[in-house]
Amino acid sequence: MLESFIVPLLAATVQSGTPILYATLGEILTEKGGILNLGVEGMMSMAAFVAFAVAYTTGNPWLAFICGGLAGTVMAMLHGFVCITCLGNQVVSGLALTILGVGLCNFLGTPFIGLAAPGFSKFAVPVLSSIPYLGKIFFRQDALVYFCYFIPFIFMIFMNRTRLGIAITAVGEKPGAAAAAGLKAVKLRWMALLGGGFLIGLGGAYLSLAYTHLWANGLAGGRGWIAVALVIFAFWRPGRAVFGAYLFGGVMAFQLRLQAIGTHIPSSLLLMLPYALTILVLIFSAVRGRGGNAPSHLGINIEPEG
Amino acid sequence: MRKLMIMVIVAAMSVMMATACFAGAKKDKIKVGFVYVSPVADAGYSYAQDQGRIAIDKLPYVESSFVESVAEGTDSERVVLNFARKGYDIIFGTSFGYMDPMVKISKKFPNVAFMHCSGFKTTPNMSNYFGRMYQARYLTGMVAGMMTKDNVIGYVAAFPIPEVIRGINAFALGAQAVNPKATVRVVWTKTWYNPALEKDAAISLLDMGADVIAQHQDSPGPQEAAQERGKYSIGYNSDMSKLAPKSHLTSAIWNWAPLFTNVVEQVRDGVWQGNESLWWGMDQGVVDISPFSSMVPKEVQDKVLAAKKEIKAGNNAIFVGPIKDQAGKVVVPAGQTMEDGKLLGMSWFVEGVVGNTE
């Protein structure tokens with residue numbers, strides 16, 4: 001049971017959780033700076049497409065991965081132009097970004113359907129992969145999963161221990177006070193937004209470079225929305241984001257395996273599980289009252305003085 | 001004055017167009033429009049239909065065009081209507097959900113021949129067509145049954161509808177015909193084209209001990225999973241060997257050219273009729289299996305080709321009793337053959353299939 005069911009399940013969990021984790025961390029960074037970005041789904045879709053197109057044309061997966069991140073940044077720039085420069089409504093702009101991203105990548109991606117591009121394959125990390133159980137779960141993955149193990153730590157140190165991280169948090173909480181203390185509030189918001197966009201883009205790139213090596217319409221498959229919900233579940237903390245992302249990855253992997261065992265539960269119910277869990281998570285967060293953990297100026301634009 | 005002239009010309013043209021169609025007379029030029037649900041480049045279902053289109057396009061009297069990625073429902077109504085208005089003689093709608101829009105439009109354009117794939121409604125100028133894919137599934141099931149070492153075959157399936165269930169059952173019967181111990185495990189994805197999810201589903205089956213993966217979707221996701229794990233895979237729609245050369249054994253494939261050619265010939269000769277249901281099989285060449293990979297041993301190939309001959313000759317209807325359901329209850333008594341009506345509405349799994357149809 002342990003060897004044949006739980007270990008492969010957890011290994012699949014780590015893989016399904018990885019793109020969600022990249023995106024959740026990106027959205028936390030964005031929101032810490034005070035910008036609500038509901039365009040994650042569209043950004044991931046666009047990034048997945050750009051990464052695939054670059055991998056296909058250049059044959060270089062690492063370059064493609066970076067380009068995926070940059071695609072996320074460019075999408076974030078659009079959001080920033082509307083919300084930071086033009087002071088538009090953040091919710092509306094984010095939703096528009098999702099519609100744009102999903103539609104545009106379907107349009108641009110049509111010639112790439114059915115083609116295979118080089119990407120990242122799984123390989124075992126020497127020594128670590130021979131640890132019983134844990135080796136099989138964590139150290140027989142692809143390079144982007146290993147890379148993702150470091151990001152939450154870097155993220156934590158960045159947010160809590162560096163000047164820049166603390167300044168971004170201050171701008172998300174009290175932009176007026178931060179500006180009075182001499183911080184450039186608007187510039188810091190831009191930095192959080194673009195940095196977050198890059199991470200979200202990496203999550204999208206993961207889908208077309210490692211998850212599968214094919215391009216398809218609708219590759220993001222709702223993962224962007226799950227990431228947005230997970231930010232609330234994680235109370236804007238990277239540590240809990242790791243837990244949340246793997247929990248979702250686990251549920252996604254679990255429902256397919258329940259079917260493969262030959263259970264009598266209707267498959268429609270099983271396929272609903274991740275989304276039902278999203279709703280539960282939001283209810284849970286609301287009941288616990290930790291929505292108060294949100295940056296207090298989240299979603300509120302910085303009006304120019306005078 | 002000029003206005004009046006234009007109106008007269010337009011009216012005259014319309015009358016000519018109307019009379020030109022379907023006067024029972026032979027035609028010199030036939031315009032054929034195709035509507036596809038997915039992009040033709042997907043190497044899947046629409047690609048297979050488009051190969052048929054390309055085949056008839058080579059006929060000197062045929063002129064064809066297509067619109068791809070047309071969503072079922074109102075979008076398809078617009079596209080079909082557009083073809084009809086432009087004076088196309090035949091319109092092929094290749095997806096189930098185009099049925100009702102096509103029924104509606106066929107009533108407004110009695111001189112256009114409507115051909116709908118996989119549905120069940122017809123009108124005096126609309127027929128439906130499909131292929132007996134289960135015959136090819138049976139043969140690929142035989143290949144899987146002989147190639148499996150652990151007697152567990154994984155089947156990644158789209159939606160629990162009769163078409164897919166029938167295919168799984170035929171596949172399982174084929175596998176059991178050569179390997180009574182073979183079981184077929186089914187995972188539903190509820191998608192027709194989602195490489196990431198379909199690959200995940202195949203991985204979950206491989207983790208459960210499956211060593212051959214078959215699929216009923218349009219994406220090569222399951223093929224990719226089998227190749228990565230060093231197991232075998234069986235494709236669908238068209239020859240998928242290029243997508244997973246190290247795992248691909250054979251594919252159950254569509255070949256629409258003979259059926260499409262027949263339809264355009266009938267329309268050309270003015271003998272085409274609506275209200276018909278064409279369900280062509282291997283004997284007419286609409287379904288087949290793709291060439292075997294070199295991993296399939298000679299004796300397996302011979303056995304499968306012998307069975308193919310029997311099916312083509314009409315000696316093996318596949319769903320011939322005794323057939324038991326999952327609970328072990330005899331559903332088709334010995335010696336009886338399931339009728340087409342029952343096959344078209346199949347909603348239960350045969351014995352040896354693990355999974356449920358909900």
# chains A, B, ... in the order shown; residues from 1 in each chain; ligands from 1

call {"tool": "select_by_dssp", "arguments": {"residues": "region 10-255 of chain B", "states": "helix (DSSP H, G or I)", "output": "ChimeraX atom specification"}}
result
/B:10-20,40-42,45-57,74-85,96-108,133-147,162-178,195-207,221-228

call {"tool": "residues_around", "arguments": {"residues": "region 324-327 of chain B", "least_positions_apart": "4", "cutoff": "9 Å", "atoms": "only C-alpha atoms", "output": "VMD selection string"}}
result
chain B and resid 331 to 333 348 to 354

call {"tool": "residues_around", "arguments": {"residues": "region 156-173 of chain B", "least_positions_apart": "5", "cutoff": "8 Å", "atoms": "only C-alpha atoms", "output": "PDB file with C-alpha atoms, in the first residue's frame"}}
result
ATOM      1  CA  MET B 133     -14.636   2.188 -34.342  1.00  0.00           C
ATOM      2  CA  TYR B 134     -15.281  -0.656 -31.888  1.00  0.00           C
ATOM      3  CA  GLN B 135     -14.009  -3.100 -34.534  1.00  0.00           C
ATOM      4  CA  ARG B 137     -10.735  -1.191 -30.717  1.00  0.00           C
ATOM      5  CA  TYR B 138     -11.203  -4.949 -30.532  1.00  0.00           C
ATOM      6  CA  LEU B 139      -8.052  -5.504 -32.576  1.00  0.00           C
ATOM      7  CA  THR B 140      -5.987  -3.048 -30.534  1.00  0.00           C
ATOM      8  CA  GLY B 141      -7.342  -4.806 -27.423  1.00  0.00           C
ATOM      9  CA  MET B 142      -5.901  -8.056 -28.781  1.00  0.00           C
ATOM     10  CA  ALA B 182      -6.384  -9.400 -18.793  1.00  0.00           C
ATOM     11  CA  THR B 183      -8.216  -6.621 -16.953  1.00  0.00           C
ATOM     12  CA  VAL B 184      -8.854  -3.110 -18.267  1.00  0.00           C
ATOM     13  CA  VAL B 186     -10.599   2.914 -16.768  1.00  0.00           C
ATOM     14  CA  VAL B 187     -10.018   6.528 -15.680  1.00  0.00           C
ATOM     15  CA  TRP B 188     -12.364   9.243 -16.943  1.00  0.00           C
ATOM     16  CA  THR B 189     -10.981  12.718 -17.546  1.00  0.00           C
ATOM     17  CA  LYS B 190     -14.167  14.381 -18.873  1.00  0.00           C
ATOM     18  CA  THR B 191     -12.059  16.127 -21.499  1.00  0.00           C
ATOM     19  CA  TRP B 192     -11.460  15.561 -25.224  1.00  0.00           C
ATOM     20  CA  GLU B 198      -4.858  13.125 -19.703  1.00  0.00           C
ATOM     21  CA  ALA B 201      -4.625  10.111 -15.711  1.00  0.00           C
ATOM     22  CA  ALA B 202      -2.296   7.761 -17.610  1.00  0.00           C
ATOM     23  CA  ILE B 213      -2.018   2.418 -21.951  1.00  0.00           C
ATOM     24  CA  ALA B 214      -4.870   2.953 -24.384  1.00  0.00           C
ATOM     25  CA  GLN B 215      -6.816   6.160 -24.809  1.00  0.00           C
ATOM     26  CA  HIS B 216      -9.993   7.696 -26.131  1.00  0.00           C
ATOM     27  CA  GLN B 217      -9.049  11.365 -26.358  1.00  0.00           C
ATOM     28  CA  PRO B 222      -1.297   9.420 -22.435  1.00  0.00           C
ATOM     29  CA  ILE B 318     -17.517  -8.768 -31.696  1.00  0.00           C
ATOM     30  CA  PHE B 319     -20.521  -8.269 -29.418  1.00  0.00           C
ATOM     31  CA  LEU B 343     -24.810  -0.970 -29.276  1.00  0.00           C
ATOM     32  CA  LEU B 344     -25.623   2.671 -29.913  1.00  0.00           C
ATOM     33  CA  GLY B 345     -27.035   3.035 -26.428  1.00  0.00           C
ATOM     34  CA  MET B 346     -24.495   0.935 -24.524  1.00  0.00           C
ATOM     35  CA  SER B 347     -24.078   2.136 -20.949  1.00  0.00           C
ATOM     36  CA  TRP B 348     -22.570  -0.814 -19.039  1.00  0.00           C
ATOM     37  CA  PHE B 349     -19.124  -2.379 -18.853  1.00  0.00           C
ATOM     38  CA  VAL B 350     -18.347  -5.981 -19.699  1.00  0.00           C
ATOM     39  CA  GLY B 352     -13.018  -7.640 -16.719  1.00  0.00           C
ATOM     40  CA  VAL B 353     -13.316  -3.859 -16.906  1.00  0.00           C
ATOM     41  CA  THR B 357     -19.745   4.282 -16.041  1.00  0.00           C
ATOM     42  CA  GLU B 358     -20.831   7.279 -14.011  1.00  0.00           C
TER      43      GLU B 358
END

call {"tool": "closest_residue", "arguments": {"among": "A:Leu134, A:Leu193, A:Ala260, A:Leu202", "to": "Ala47 (chain A)", "atoms": "only C-alpha atoms"}}
result
A:Leu202

call {"tool": "closest_residue", "arguments": {"among": "B:Gly131, B:Pro180, B:Pro322, B:Gly209", "to": "chain A", "atoms": "only C-alpha atoms"}}
result
B:Gly209

call {"tool": "closest_residue", "arguments": {"among": "B:Met295, B:Leu81, B:Ala252, B:Leu243", "to": "chain A", "atoms": "only C-alpha atoms"}}
result
B:Leu243

call {"tool": "residues_around", "arguments": {"residues": "Gly114 (chain A)", "least_positions_apart": "4", "cutoff": "9 Å", "atoms": "only C-alpha atoms", "output": "compact mmCIF listing (two decimals) with all heavy atoms, in the first residue's frame"}}
result
# COMPACT_ATOMS: atom_id res chain seq x y z
N LEU A 214 3.65 19.43 -24.61
CA LEU A 214 2.78 19.73 -25.74
C LEU A 214 2.05 21.02 -25.47
O LEU A 214 1.90 21.43 -24.32
CB LEU A 214 1.73 18.62 -25.87
CG LEU A 214 2.28 17.24 -26.13
CD1 LEU A 214 1.29 16.21 -25.66
CD2 LEU A 214 2.54 17.07 -27.60
N TRP A 215 1.59 21.64 -26.55
CA TRP A 215 0.78 22.83 -26.37
C TRP A 215 -0.69 22.47 -26.55
O TRP A 215 -1.04 21.69 -27.42
CB TRP A 215 1.18 23.92 -27.36
CG TRP A 215 0.18 25.02 -27.36
CD1 TRP A 215 -0.69 25.35 -28.36
CD2 TRP A 215 -0.09 25.91 -26.29
NE1 TRP A 215 -1.48 26.39 -27.95
CE2 TRP A 215 -1.14 26.75 -26.69
CE3 TRP A 215 0.43 26.07 -24.99
CZ2 TRP A 215 -1.68 27.73 -25.87
CZ3 TRP A 215 -0.10 27.06 -24.18
CH2 TRP A 215 -1.12 27.87 -24.62
N ALA A 216 -1.54 23.03 -25.71
CA ALA A 216 -2.98 22.81 -25.85
C ALA A 216 -3.70 24.03 -25.37
O ALA A 216 -3.22 24.73 -24.48
CB ALA A 216 -3.41 21.62 -25.02
N ALA B 41 -4.86 20.60 -36.65
CA ALA B 41 -3.47 20.21 -36.43
C ALA B 41 -3.31 19.31 -35.21
O ALA B 41 -2.21 18.93 -34.85
CB ALA B 41 -2.60 21.45 -36.26
N ASP B 42 -4.43 18.95 -34.55
CA ASP B 42 -4.28 18.26 -33.27
C ASP B 42 -3.93 16.78 -33.40
O ASP B 42 -3.80 16.09 -32.40
CB ASP B 42 -5.55 18.43 -32.41
CG ASP B 42 -6.77 17.74 -33.01
OD1 ASP B 42 -6.62 17.10 -34.06
OD2 ASP B 42 -7.85 17.85 -32.43
N ALA B 43 -3.75 16.29 -34.61
CA ALA B 43 -3.43 14.88 -34.83
C ALA B 43 -4.51 13.98 -34.27
O ALA B 43 -4.31 12.80 -34.06
CB ALA B 43 -2.07 14.50 -34.22
N GLY B 44 -5.68 14.54 -34.04
CA GLY B 44 -6.74 13.75 -33.43
C GLY B 44 -7.94 13.63 -34.33
O GLY B 44 -7.83 13.41 -35.54
N SER B 219 -5.69 14.12 -27.42
CA SER B 219 -4.33 14.61 -27.15
C SER B 219 -3.37 13.44 -26.97
O SER B 219 -3.76 12.36 -26.55
CB SER B 219 -4.30 15.46 -25.88
OG SER B 219 -3.92 14.68 -24.76
N PRO B 220 -2.09 13.64 -27.29
CA PRO B 220 -1.13 12.57 -27.09
C PRO B 220 -0.60 12.48 -25.66
O PRO B 220 0.37 11.79 -25.41
CB PRO B 220 -0.01 12.92 -28.06
CG PRO B 220 -0.28 14.29 -28.58
CD PRO B 220 -1.50 14.82 -27.95
N LEU B 243 4.52 10.53 -32.15
CA LEU B 243 4.47 11.25 -30.89
C LEU B 243 5.10 10.47 -29.75
O LEU B 243 5.51 11.04 -28.75
CB LEU B 243 3.01 11.59 -30.56
CG LEU B 243 2.38 12.51 -31.61
CD1 LEU B 243 0.88 12.39 -31.62
CD2 LEU B 243 2.79 13.95 -31.36

call {"tool": "atom_distance", "arguments": {"atom1": "CA of Ala84 (chain B)", "atom2": "CA of Phe109 (chain B)"}}
result
7.0 Å

call {"tool": "closest_residue", "arguments": {"among": "B:Cys117, B:Ile203, B:Ala196, B:Met146", "to": "Asn179 (chain B)", "atoms": "only C-alpha atoms"}}
result
B:Met146

call {"tool": "closest_residue", "arguments": {"among": "B:Val263, B:Ala334, B:Met282, B:Leu206", "to": "chain A", "atoms": "only C-alpha atoms"}}
result
B:Leu206

call {"tool": "residues_around", "arguments": {"residues": "Gln15 (chain A)", "least_positions_apart": "5", "cutoff": "9 Å", "atoms": "only C-alpha atoms", "output": "PyMOL selection string"}}
result
chain A and resi 10+141-142+145+211+246+249

call {"tool": "write_last_selection", "arguments": {"atoms": "C-alpha atoms", "output": "PDB file, in the first residue's frame"}}
result
ATOM      1  CA  LEU A  10       2.854  11.945  -3.096  1.00  0.00           C
ATOM      2  CA  GLN A 141      11.401  15.136 -10.238  1.00  0.00           C
ATOM      3  CA  ASP A 142      12.448  17.629 -12.889  1.00  0.00           C
ATOM      4  CA  VAL A 145      10.571  21.274  -9.160  1.00  0.00           C
ATOM      5  CA  TYR A 211       4.101  18.990 -16.912  1.00  0.00           C
ATOM      6  CA  TYR A 246       0.710  20.645  -2.273  1.00  0.00           C
ATOM      7  CA  GLY A 249      -1.826  19.058  -6.042  1.00  0.00           C
TER       8      GLY A 249
END

call {"tool": "interface_residues", "arguments": {"of": "chain A", "to": "chain B", "cutoff": "9 Å", "atoms": "only C-alpha atoms", "output": "number ranges by chain"}}
result
A: 4-5, 8-9, 12, 16, 110-116, 121-122, 207-208, 211-219, 221, 253-254, 256-268, 271

call {"tool": "atom_distance", "arguments": {"atom1": "CA of Asp89 (chain B)", "atom2": "CA of Arg268 (chain B)"}}
result
9.4 Å

call {"tool": "atom_distance", "arguments": {"atom1": "CA of Phe260 (chain B)", "atom2": "CA of Lys104 (chain B)"}}
result
22.6 Å
